Every structure is written in structure tokens, then in C-alpha cells.
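Written below as C-alpha cells is the structure these notes are about.
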Amino acid sequence: MSLRAAVLGHPISHSKSPALHLAAYGRLAAGISYTAIDVTEELLPSFMRQIRNQPGWRGLSVTMPLKTAILDEVDEVRGVAQTLGVVNTVTFEDSAGGLKTVGSNTDVTGIVNALCHAGTAAAPSAVILGGGGTAASAVAALKELGTATVQVFVRDTSRTAEVRDAADRLGMGLEVRTLAGAARPTAEADVVISTLPPRAADGLAAEIAALKTTTPGVLLDVAYDPWPSLIASVWQAGGGRVVPGLEMLLYQAVEQVRLFTRRGEDVNAGVIDVMCDAVGLARRAL
């Protein structure tokens with residue numbers, strides 16, 4: 001039986017997940033195919049019903065705008081995904097009642113490991129740009145890095161339910177403001193995580209540049225196409241460290257590969273290196 005996995009989202013043609021996963025499965029000789037499938041929120045229920053009857057499925061990577069919609073389509077939610085209400089990973093497990101779908105979240109680990117790889121051991125002051133599902137994962141990641149209160153800047157403060165719920169469940173302090181006032185607090189933060197879509201932070205980047213100040217902290221820009229983003233370029237020009245979104249994508253994918261192959265201990269430095277090669281990241285110094 002051929003084994004299958006895929007990334008779901010809309011739009012999805014830009015995704016680098018297939019390159020990461022296929023490199024890993026090739027190195028592991030896992031025999032798992034992996035494709036990108038364009039699925040809207042409206043089509044997600046019928047898609048999930050359809051693949052339940054298809055043998056060989058091992059896992060799904062779930063990206064925007066499906067990370068909360070997928071909650072209603074799985075049989076069980078585990079770990080931090082249950083706390084956050086945000087799922088980016090679905091695995092298929094055999095159970096007494098037949099095939100079971102399980103939702104989990106590897107984005108939190110992806111963010112933490114991306115920041116740690118860049119040398120960030122703690123985040124005393126932090127800013128999140130955006131208030132959706134990935135921002136909720138960013139709240140959990142910052143909690144792990146010791147942040148007590150995070151400032152969240154969004155375009156529309158009425159659309160922040162996911163990040164507010166995440167902060168409440170984690171016992172994290174949260175200050176929500178509009179992007180209009182984000183420039184100086186962002187420039188001064190120890191850690192900034194931008195979860196905004198590509199180019200959505202361009203206006204803020206121009207405002208930070210106009211401050212003519214240094215940016216001493218670390219910026220993780222989850223958007224990785226096009227790269228470098230304007231805010232990443234401005235941040236680097238101000239002296240700050242920039243972590244590309246590909247780093248987060250890499251580390252969350254490593255956890256997914258462990259789950260989909262069911263060979264966690266085999267996903268070692270050599271596998272991670274070929275994943276890096278596939279998307280143009282530097283090999284890890286392990």
C-alpha cells in the first residue's frame with residue numbers, strides 16, 4: 001500500500017512544505033508521497049470525509065485559513081493544540097473503532113526552536129503582529145521563553161478571539177492594540193513575531209524606518225515569500241537579528257515528519273540537514 005501525506009490550505013501553491021517533507025522521506029526511505037492540496041474552509045468537511053475512506057494516509061499539514069476549522073473535522077485533539085484551539089497537524093491512527101484522526105500543533109515547537117537556533121534563550125519583552133491562529137501559537141511559544149505579558153498589534157481589534165483565548169488559557173498577560181501604534185513598541189521589543197500575511201507589515205516597516213532608531217531585538221517573520229520582507233530588511237538595517245519564517249517552517253515540519261513516519265528517533269541531524277538543503281537554509285551546526 002502506498003503511503004500519503006499532504007499540506008492543506010488556500011492558497012497553497014507557494015508552500016515549501018512539499019520540498020521539506022519529500023527531502024526527509026527520501027532520506028529515510030519512508031515511502032511516503034507528499035503533495036500540496038488547495039482546500040478552502042467551505043470544502044474542508046467534504047475533503048476530510050472523502051479521504052477517510054482512502055487507505056494509506058499518514059498525515060496532513062494544515063495551514064491558513066484552516067487551522068481552527070480543522071478542529072471540527074478530527075476525532076481527537078491532543079497537547080497544546082487542545083489548549084490553544086489551533087491545529088496545524090493531523091495524523092491518522094488505527095484504533096479499535098477503525099481509523100482515527102488526531103489533531104495536534106507543531107507550530108509552537110517550530111517557533112521556539114527557530115528562536116533558540118537564532119540564539120534567543122529568553123524573551124522578557126515581546127510583541128506579536130497579527131491576532132489569528134499562528135499568533136495564538138506564538139503566545140504559547142513566548143510563554144515557554146519566559147514572557148509574562150505580550151503586546152499584540154492587529155489591524156482589527158475585534159478579530160482577536162483566538163489570541164485572547166490562548167492567552168487566557170495559558171495564564172499569559174495580553175495587551176491588544178491597533179497596528180497604528182505599533183512602530184515604537186515593536187522597535188524596542190526583545191522579541192517580535194510577525195504572523196501577518198506577506199506584505200501586510202510593509203506600512204509598519206516604513207514607520208519603524210522613519211523612527212531612525214536601532215532595533216536591538218530579534219524578529220521572526222513567519223511570512224517567507226517574498227523574502228526578505230520589507231520589515232525584515234528594515235529590522236536588519238537597524239542592527240537587529242532576523243529569523244526567516246522558513247526556520248519556523250523547518251522545525252514544525254521536523255515534528256510532523258516524526259509523527260507521519262512513526263519513526264521519531266530516526267529523524268536526526270542528517271535528516272534535518274537534507275531538509276535545510278531542500279529550501280536553501282544553512283545546515284545546522286549540531
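Residue numbering restarts at 1 in every chain; chains get A, B, ... in the order shown in the C-alpha cells, and ligands count up from 1 in that same order.
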Q.
Just want the 7 Å neighbourhood of Phe92 (chain A), counted on only C-alpha atoms, with same-chain residues fewer than 3 positions away dropped. Output as number ranges by chain.
A. A: 57-59, 99-102
Need the shell around Ser61 (chain A): protein/DNA/RNA residues with any atom at most 9 Å away, counting only C-alpha atoms. Skip same-chain ones fewer than 3 positions apart. Format as a compact mmCIF listing (two decimals) with C-alpha atoms, in the first residue's frame?
# COMPACT_ATOMS: atom_id res chain seq x y z
CA ALA A 5 0.60 12.89 3.28
CA ALA A 6 -0.22 16.41 2.16
CA VAL A 7 -0.38 20.08 3.12
CA LEU A 8 -3.81 21.72 3.01
CA GLY A 9 -4.52 25.44 2.69
CA SER A 17 6.28 22.13 2.82
CA ASN A 88 -1.62 22.52 12.18
CA THR A 89 -1.10 18.75 12.07
CA VAL A 90 -3.43 15.78 11.57
CA THR A 91 -2.29 12.18 11.97
CA ALA A 253 7.94 20.16 9.73
CA GLN A 256 5.43 16.42 11.56
Q.
Please list as a ChimeraX atom specification every residue within 8 Å of Leu174 (chain A), counting only C-alpha atoms and excluding residues in the same chain fewer than 5 positions away.
A. /A:149-152,164,167
Prev. selection, all heavy atoms, output as a tab-separated table (two decimals), in the first residue's frame:
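Saved as again.tsv:
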chain	number	residue	atom	x	y	z
A	149	THR	N	3.98	39.11	29.86
A	149	THR	CA	2.93	39.87	29.18
A	149	THR	C	3.39	40.18	27.77
A	149	THR	O	4.52	40.64	27.57
A	149	THR	CB	2.62	41.19	29.91
A	149	THR	OG1	2.18	40.91	31.24
A	149	THR	CG2	1.54	41.99	29.18
A	150	VAL	N	2.53	39.93	26.80
A	150	VAL	CA	2.89	40.18	25.41
A	150	VAL	C	1.99	41.27	24.83
A	150	VAL	O	0.80	41.34	25.15
A	150	VAL	CB	2.80	38.89	24.57
A	150	VAL	CG1	1.38	38.34	24.55
A	150	VAL	CG2	3.29	39.12	23.14
A	151	GLN	N	2.57	42.14	24.03
A	151	GLN	CA	1.79	43.15	23.30
A	151	GLN	C	1.43	42.59	21.92
A	151	GLN	O	2.32	42.12	21.20
A	151	GLN	CB	2.60	44.43	23.14
A	151	GLN	CG	3.00	45.09	24.45
A	151	GLN	CD	3.82	46.35	24.19
A	151	GLN	OE1	3.29	47.41	23.89
A	151	GLN	NE2	5.14	46.22	24.31
A	152	VAL	N	0.15	42.66	21.59
A	152	VAL	CA	-0.32	42.17	20.30
A	152	VAL	C	-0.90	43.34	19.51
A	152	VAL	O	-1.77	44.05	20.00
A	152	VAL	CB	-1.39	41.06	20.47
A	152	VAL	CG1	-1.95	40.63	19.12
A	152	VAL	CG2	-0.80	39.87	21.21
A	164	ARG	N	-6.71	35.95	22.17
A	164	ARG	CA	-7.18	36.25	23.53
A	164	ARG	C	-7.48	34.96	24.29
A	164	ARG	O	-7.13	34.82	25.47
A	164	ARG	CB	-8.44	37.12	23.47
A	164	ARG	CG	-8.20	38.56	23.02
A	164	ARG	CD	-9.51	39.35	23.02
A	164	ARG	NE	-9.38	40.67	22.42
A	164	ARG	CZ	-9.00	41.77	23.08
A	164	ARG	NH1	-8.70	41.69	24.37
A	164	ARG	NH2	-8.93	42.93	22.46
A	167	ALA	N	-4.21	33.27	25.35
A	167	ALA	CA	-3.57	33.93	26.49
A	167	ALA	C	-4.31	33.61	27.79
A	167	ALA	O	-3.68	33.34	28.82
A	167	ALA	CB	-3.53	35.44	26.26
Q) What is the CA of Val271 (chain A)-CA of Arg52 (chain A) distance in Å, reported with one decimal? A) 29.4 Å
Q | Secondary structure check, helix (DSSP H, G or I) residues of region 67-254 of chain A, as a VMD selection string | A | chain A and resid 69 to 73 80 to 84 107 to 117 133 to 144 161 to 170 179 to 181 183 to 188 202 to 211 230 to 237 245 to 254
Q. When you draw a straight line from CA of Lys143 (chain A) to CA of Arg169 (chain A), how long is it in Å?
A. 11.4 Å
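Comparing the minimum interatomic distances between Glu265 (chain A) and each of A:Asp225, A:Leu28, A:Val176, A:Pro11, counting only C-alpha atoms, we find that A:Leu28 sits nearest.
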Q. CA of Thr160 (chain A) and CA of Gly131 (chain A), how far apart in Å?
A. 5.1 Å
What's the 9 Å shell around Asn105 (chain A), counting only C-alpha atoms, without same-chain residues fewer than 4 positions away, as a PDB file with N, CA and C atoms, in the first residue's frame?
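New file selection_1.pdb:
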ATOM      1  N   ARG A  78      -5.006  16.807  20.699  1.00  0.00           N
ATOM      2  CA  ARG A  78      -4.058  16.499  21.775  1.00  0.00           C
ATOM      3  C   ARG A  78      -3.098  17.648  22.055  1.00  0.00           C
ATOM      4  N   GLY A  79      -2.571  17.627  23.287  1.00  0.00           N
ATOM      5  CA  GLY A  79      -1.472  18.522  23.649  1.00  0.00           C
ATOM      6  C   GLY A  79      -1.846  19.990  23.622  1.00  0.00           C
ATOM      7  N   VAL A  80      -0.884  20.804  23.233  1.00  0.00           N
ATOM      8  CA  VAL A  80      -1.079  22.252  23.244  1.00  0.00           C
ATOM      9  C   VAL A  80      -2.155  22.684  22.247  1.00  0.00           C
ATOM     10  N   ALA A  81      -2.426  21.876  21.239  1.00  0.00           N
ATOM     11  CA  ALA A  81      -3.499  22.196  20.280  1.00  0.00           C
ATOM     12  C   ALA A  81      -4.842  22.281  20.992  1.00  0.00           C
ATOM     13  N   GLN A  82      -5.028  21.429  21.999  1.00  0.00           N
ATOM     14  CA  GLN A  82      -6.269  21.433  22.764  1.00  0.00           C
ATOM     15  C   GLN A  82      -6.379  22.718  23.582  1.00  0.00           C
ATOM     16  N   LEU A  84      -4.884  25.627  22.883  1.00  0.00           N
ATOM     17  CA  LEU A  84      -4.961  26.789  22.008  1.00  0.00           C
ATOM     18  C   LEU A  84      -6.187  26.804  21.108  1.00  0.00           C
ATOM     19  N   VAL A  86      -5.978  25.464  18.180  1.00  0.00           N
ATOM     20  CA  VAL A  86      -5.327  25.689  16.888  1.00  0.00           C
ATOM     21  C   VAL A  86      -4.572  24.417  16.507  1.00  0.00           C
ATOM     22  N   VAL A  87      -4.915  23.860  15.344  1.00  0.00           N
ATOM     23  CA  VAL A  87      -4.314  22.611  14.865  1.00  0.00           C
ATOM     24  C   VAL A  87      -3.589  22.874  13.555  1.00  0.00           C
ATOM     25  N   ASN A  88      -2.334  22.436  13.454  1.00  0.00           N
ATOM     26  CA  ASN A  88      -1.623  22.525  12.178  1.00  0.00           C
ATOM     27  C   ASN A  88      -1.177  21.154  11.676  1.00  0.00           C
ATOM     28  N   THR A  89      -1.548  20.101  12.406  1.00  0.00           N
ATOM     29  CA  THR A  89      -1.102  18.749  12.071  1.00  0.00           C
ATOM     30  C   THR A  89      -2.219  17.751  12.343  1.00  0.00           C
ATOM     31  N   VAL A  90      -2.473  16.868  11.372  1.00  0.00           N
ATOM     32  CA  VAL A  90      -3.433  15.781  11.573  1.00  0.00           C
ATOM     33  C   VAL A  90      -2.725  14.469  11.284  1.00  0.00           C
ATOM     34  N   THR A 109       6.370  24.441  18.859  1.00  0.00           N
ATOM     35  CA  THR A 109       7.737  23.919  18.847  1.00  0.00           C
ATOM     36  C   THR A 109       8.551  24.563  17.738  1.00  0.00           C
ATOM     37  N   SER A 137      -0.367  30.437  18.599  1.00  0.00           N
ATOM     38  CA  SER A 137       0.796  29.564  18.797  1.00  0.00           C
ATOM     39  C   SER A 137       2.002  30.368  19.279  1.00  0.00           C
ATOM     40  N   GLN A 252       8.785  23.086  12.564  1.00  0.00           N
ATOM     41  CA  GLN A 252       7.467  22.459  12.740  1.00  0.00           C
ATOM     42  C   GLN A 252       7.337  21.251  11.827  1.00  0.00           C
TER      43      GLN A 252
END
(Q) What's around Gly130 (chain A) at 10 Å? Count only C-alpha atoms, leave out sequence neighbours fewer than 3 positions away in its own chain, and write the answer as a PyMOL selection string. (A) chain A and resi 127+133-136+152-157+159-160+163+176+178-179+193-197+200-201
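Using only C-alpha atoms, the shortest contact distance between Glu255 (chain A) and any of A:Val108, A:Ala126, A:Val191, A:Ala121 is found at A:Val108.
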